[in-house]
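So this one's entry31.pdb, PDB, C-alpha atoms:
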```
ATOM      1  CA  MET A   1      17.346   4.693  -1.142
ATOM      2  CA  GLU A   2      20.235   2.427  -1.853
ATOM      3  CA  GLN A   3      19.571  -1.288  -2.291
ATOM      4  CA  LYS A   4      22.186  -2.291   0.282
ATOM      5  CA  PHE A   5      20.486  -0.052   2.861
ATOM      6  CA  LYS A   6      17.100  -1.658   2.166
ATOM      7  CA  ALA A   7      18.626  -5.136   2.381
ATOM      8  CA  MET A   8      20.224  -4.283   5.730
ATOM      9  CA  ILE A   9      16.878  -3.115   7.148
ATOM     10  CA  VAL A  10      15.215  -6.406   6.159
ATOM     11  CA  TRP A  11      18.153  -8.366   7.600
ATOM     12  CA  LEU A  12      17.787  -6.525  10.915
ATOM     13  CA  ILE A  13      14.075  -7.325  11.079
ATOM     14  CA  LEU A  14      14.580 -10.986  10.166
ATOM     15  CA  ASN A  15      17.208 -11.245  12.889
ATOM     16  CA  GLY A  16      14.995  -9.833  15.637
ATOM     17  CA  ARG A  17      16.483  -6.338  15.673
ATOM     18  CA  VAL A  18      13.300  -4.556  14.649
ATOM     19  CA  GLU A  19      13.826  -1.659  17.079
ATOM     20  CA  LYS A  20      17.220  -0.953  15.481
ATOM     21  CA  ALA A  21      15.677  -1.173  11.996
ATOM     22  CA  LEU A  22      12.964   1.329  12.958
ATOM     23  CA  GLU A  23      15.533   3.630  14.541
ATOM     24  CA  ILE A  24      17.620   3.655  11.356
ATOM     25  CA  LEU A  25      14.570   4.122   9.109
ATOM     26  CA  ALA A  26      13.272   6.989  11.228
ATOM     27  CA  GLN A  27      16.682   8.654  11.207
ATOM     28  CA  GLU A  28      16.940   8.232   7.414
ATOM     29  CA  HIS A  29      13.574   9.969   6.959
ATOM     30  CA  GLY A  30      14.005  12.593   9.680
ATOM     31  CA  LEU A  31      11.184  11.202  11.806
ATOM     32  CA  GLU A  32      10.576  10.274  15.420
ATOM     33  CA  ILE A  33      11.091   6.581  16.050
ATOM     34  CA  PRO A  34       7.672   4.929  16.149
ATOM     35  CA  ILE A  35       6.690   3.072  19.294
ATOM     36  CA  LEU A  36       6.553  -0.693  18.792
ATOM     37  CA  LYS A  37       3.933  -2.761  20.599
ATOM     38  CA  VAL A  38       3.078  -6.460  20.567
ATOM     39  CA  GLY A  39      -0.685  -6.954  20.560
ATOM     40  CA  LEU A  40      -3.250  -5.255  18.370
ATOM     41  CA  PRO A  41      -5.600  -2.611  19.768
ATOM     42  CA  LYS A  42      -8.784  -4.159  21.157
ATOM     43  CA  ARG A  43     -10.997  -2.073  18.877
ATOM     44  CA  ARG A  44      -9.313  -3.625  15.829
ATOM     45  CA  LYS A  45     -11.952  -5.568  13.888
ATOM     46  CA  THR A  46      -9.897  -6.884  10.984
ATOM     47  CA  LYS A  47      -7.581  -9.867  11.082
ATOM     48  CA  ALA A  48      -4.553  -7.757  10.236
ATOM     49  CA  SER A  49      -1.081  -8.814  11.354
ATOM     50  CA  GLY A  50      -0.229  -5.238  12.205
ATOM     51  CA  CYS A  51      -1.597  -1.720  12.363
ATOM     52  CA  TYR A  52      -0.382   1.825  12.808
ATOM     53  CA  SER A  53      -1.939   4.310  15.201
ATOM     54  CA  ALA A  54      -1.196   7.830  13.977
ATOM     55  CA  ASN A  55      -2.345   9.488  17.203
ATOM     56  CA  ARG A  56      -0.024   7.345  19.286
ATOM     57  CA  ARG A  57       2.661   7.015  16.598
ATOM     58  CA  THR A  58       2.658   3.308  17.364
ATOM     59  CA  ILE A  59       3.194   0.242  15.225
ATOM     60  CA  SER A  60       1.296  -2.669  16.772
ATOM     61  CA  VAL A  61       1.836  -6.257  15.670
ATOM     62  CA  MET A  62      -0.328  -9.296  16.324
ATOM     63  CA  ASN A  63       2.277 -11.335  18.217
ATOM     64  CA  SER A  64       5.998 -11.744  18.810
ATOM     65  CA  ASP A  65       6.406 -13.866  15.659
ATOM     66  CA  THR A  66       5.166 -10.917  13.597
ATOM     67  CA  LEU A  67       8.072  -8.822  14.900
ATOM     68  CA  LYS A  68      10.311 -10.756  12.484
ATOM     69  CA  ASP A  69       8.025 -10.227   9.477
ATOM     70  CA  PRO A  70       9.662  -7.542   7.325
ATOM     71  CA  PHE A  71       6.540  -7.073   5.206
ATOM     72  CA  VAL A  72       4.356  -6.193   8.197
ATOM     73  CA  ILE A  73       6.952  -3.978   9.897
ATOM     74  CA  LEU A  74       7.825  -2.058   6.709
ATOM     75  CA  HIS A  75       4.180  -1.761   5.646
ATOM     76  CA  GLU A  76       3.297  -0.181   8.985
ATOM     77  CA  PHE A  77       6.416   2.002   8.948
ATOM     78  CA  TYR A  78       5.211   3.405   5.615
ATOM     79  CA  HIS A  79       2.037   4.562   7.371
ATOM     80  CA  HIS A  80       4.244   6.232  10.006
ATOM     81  CA  LEU A  81       6.245   7.859   7.210
ATOM     82  CA  ARG A  82       3.127   9.168   5.494
ATOM     83  CA  THR A  83       1.383  10.501   8.600
ATOM     84  CA  GLY A  84       1.744  14.227   9.079
ATOM     85  CA  LYS A  85       2.308  16.140  12.288
ATOM     86  CA  ASP A  86      -1.464  16.627  12.375
ATOM     87  CA  ALA A  87      -1.845  12.802  12.695
ATOM     88  CA  LYS A  88      -3.708  12.645   9.389
ATOM     89  CA  HIS A  89      -3.106   9.455   7.459
ATOM     90  CA  ARG A  90      -1.863  10.132   3.927
ATOM     91  CA  GLY A  91      -0.684   6.726   2.726
ATOM     92  CA  THR A  92      -2.617   4.032   0.949
ATOM     93  CA  GLU A  93      -2.464   0.290   1.475
ATOM     94  CA  LYS A  94      -1.239  -0.190  -2.086
ATOM     95  CA  TYR A  95       1.707   2.146  -1.607
ATOM     96  CA  ALA A  96       2.495   0.665   1.820
ATOM     97  CA  ASP A  97       2.625  -2.777   0.195
ATOM     98  CA  THR A  98       4.887  -1.475  -2.579
ATOM     99  CA  PHE A  99       7.209   0.182  -0.051
ATOM    100  CA  ALA A 100       7.593  -3.081   1.896
ATOM    101  CA  LYS A 101       8.032  -5.197  -1.246
ATOM    102  CA  GLU A 102      10.841  -2.930  -2.505
ATOM    103  CA  PHE A 103      12.836  -3.558   0.674
ATOM    104  CA  ILE A 104      12.223  -7.305   0.533
ATOM    105  CA  GLN A 105      13.205  -7.460  -3.136
ATOM    106  CA  ALA A 106      16.426  -5.579  -2.368
ATOM    107  CA  TYR A 107      17.192  -8.107   0.375
ATOM    108  CA  ARG A 108      16.545 -11.035  -1.962
ATOM    109  CA  SER A 109      18.676  -9.509  -4.714
ATOM    110  CA  PHE A 110      21.502  -8.773  -2.306
ATOM    111  CA  ALA A 111      21.308 -12.307  -0.853
ATOM    112  CA  ILE A 112      21.510 -13.817  -4.354
ATOM    113  CA  GLN A 113      24.530 -11.649  -5.198
ATOM    114  CA  GLU A 114      26.279 -12.615  -1.965
ATOM    115  CA  SER A 115      25.600 -16.340  -2.419
ATOM    116  CA  GLY A 116      27.070 -16.213  -5.924
ATOM    117  CA  LYS A 117      30.444 -14.943  -4.693
TER     118      LYS A 117
END
```
Since I need it in another form, could you write the structure as structure tokens?
Amino acid sequence: MEQKFKAMIVWLILNGRVEKALEILAQEHGLEIPILKVGLPKRRKTKASGCYSANRRTISVMNSDTLKDPFVILHEFYHHLRTGKDAKHRGTEKYADTFAKEFIQAYRSFAIQESGK
């Protein structure tokens, strides 16, 4: 994926347009747009900021502030990306972290380039 594309996705999330970012990501990967929900499932025992439910194809975030956290949104989108039609989870936390960090790094690099002009 092109760096400018990744930077744009992060920009959208930072600017409160997370639904648009997810729509574009899903389209890019040929996937259904995941459902976005504020509030973690009640059965959630960890103190995570977000989680992905494969059965519901839903990204849940802890609170409305988390909606503007590109790391959380992209990390959970990676789980959506790696979940098959059978709702089996195929992604690891390490790779989800790497996926999110690549987008954030592209945004930072693009921002530095733009500020130097």
Show me, as CSV, the residues of segment 18-89 of chain A having an atom within 12 Å of segment 97-107 of chain A, each with the closest atom pair and its distance in Å, using all atoms listed in the file.
```
residue,atom,partner,partner_atom,distance
A:Ala21,CA,A:Phe103,CA,11.9
A:Leu25,CA,A:Phe103,CA,11.5
A:Asp69,CA,A:Ile104,CA,10.3
A:Pro70,CA,A:Ile104,CA,7.3
A:Phe71,CA,A:Ala100,CA,5.3
A:Val72,CA,A:Ala100,CA,7.7
A:Ile73,CA,A:Ala100,CA,8.1
A:Leu74,CA,A:Ala100,CA,4.9
A:His75,CA,A:Ala100,CA,5.2
A:Glu76,CA,A:Ala100,CA,8.8
A:Phe77,CA,A:Ala100,CA,8.8
A:Tyr78,CA,A:Phe99,CA,6.8
A:His79,CA,A:Phe99,CA,10.1
A:Leu81,CA,A:Phe99,CA,10.6
A:Arg82,CA,A:Phe99,CA,11.3
```
At what distance in Å, to one decimal, does atom CA of Phe110 of chain A lie from atom CA of Ala7 of chain A? 6.6 Å
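When all atoms listed in the file are used to compute distances to His80 of chain A, the closest of the residues A:Thr92, A:Asn55, A:Lys42, A:Pro34 turns out to be A:Pro34.
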Nearest to Leu40 of chain A, chosen from A:Tyr52, A:Ala96, A:Leu12, A:Ile24, with all atoms listed in the file counted in the distances: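 Looking only at the distances to Leu40 of chain A, the closest residue turns out to be A:Tyr52.
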Kindly resolve the PyMOL selection byres ((chain A and resi 32) around 12) on the present coordinates and return the residues as a PyMOL selection string. chain A and resi 22-31+33-35+56-58+77+80-81+83-85
Could you turn the residues from that selection into a file that holds C-alpha atoms, as a compact mmCIF listing (two decimals), keeping the file's coordinate frame?
```txt
# COMPACT_ATOMS: atom_id res chain seq x y z
CA LEU A 22 12.96 1.33 12.96
CA GLU A 23 15.53 3.63 14.54
CA ILE A 24 17.62 3.66 11.36
CA LEU A 25 14.57 4.12 9.11
CA ALA A 26 13.27 6.99 11.23
CA GLN A 27 16.68 8.65 11.21
CA GLU A 28 16.94 8.23 7.41
CA HIS A 29 13.57 9.97 6.96
CA GLY A 30 14.00 12.59 9.68
CA LEU A 31 11.18 11.20 11.81
CA ILE A 33 11.09 6.58 16.05
CA PRO A 34 7.67 4.93 16.15
CA ILE A 35 6.69 3.07 19.29
CA ARG A 56 -0.02 7.34 19.29
CA ARG A 57 2.66 7.02 16.60
CA THR A 58 2.66 3.31 17.36
CA PHE A 77 6.42 2.00 8.95
CA HIS A 80 4.24 6.23 10.01
CA LEU A 81 6.24 7.86 7.21
CA THR A 83 1.38 10.50 8.60
CA GLY A 84 1.74 14.23 9.08
CA LYS A 85 2.31 16.14 12.29
```
For Gly16 of chain A, list every protein, DNA or RNA residue within 9 Å, evaluated using only C-alpha atoms, and leave out those in the same chain fewer than 5 positions away; present the list as an NGL selection string. :A and (11 or 67-68)
Taking the file as shown, what set of residues would the PyMOL selection byres ((chain A and resi 51) around 7) give back, as a list in words? Gly50, Tyr52, Ser53, Ile59, Ser60, Val61 and Glu76 of chain A
Store the residues picked out above in a file with C-alpha atoms, as a short mmCIF file (atom, residue, chain, number, x, y, z; two decimals), in the frame of the given file.
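Printed below is again_21.cif as written:
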```
data_model
loop_
_atom_site.label_atom_id
_atom_site.label_comp_id
_atom_site.auth_asym_id
_atom_site.auth_seq_id
_atom_site.Cartn_x
_atom_site.Cartn_y
_atom_site.Cartn_z
CA GLY A 50 -0.23 -5.24 12.20
CA TYR A 52 -0.38 1.82 12.81
CA SER A 53 -1.94 4.31 15.20
CA ILE A 59 3.19 0.24 15.22
CA SER A 60 1.30 -2.67 16.77
CA VAL A 61 1.84 -6.26 15.67
CA GLU A 76 3.30 -0.18 8.98
#
```
Considering all atoms listed in the file, can you say which of A:Thr66, A:Lys37, A:Arg43, A:Ser49 comes closest to Ile13 of chain A?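 That would be A:Thr66, the residue with the smallest distance to Ile13 of chain A.
Taking atom CA of Ile9 of chain A and atom CA of Glu93 of chain A as the two end points, the separation is 20.4 Å.
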May I ask for the distance between atom CA of Arg108 of chain A and atom CA of Val10 of chain A, given in Å to one decimal place?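 It comes out at 9.4 Å.
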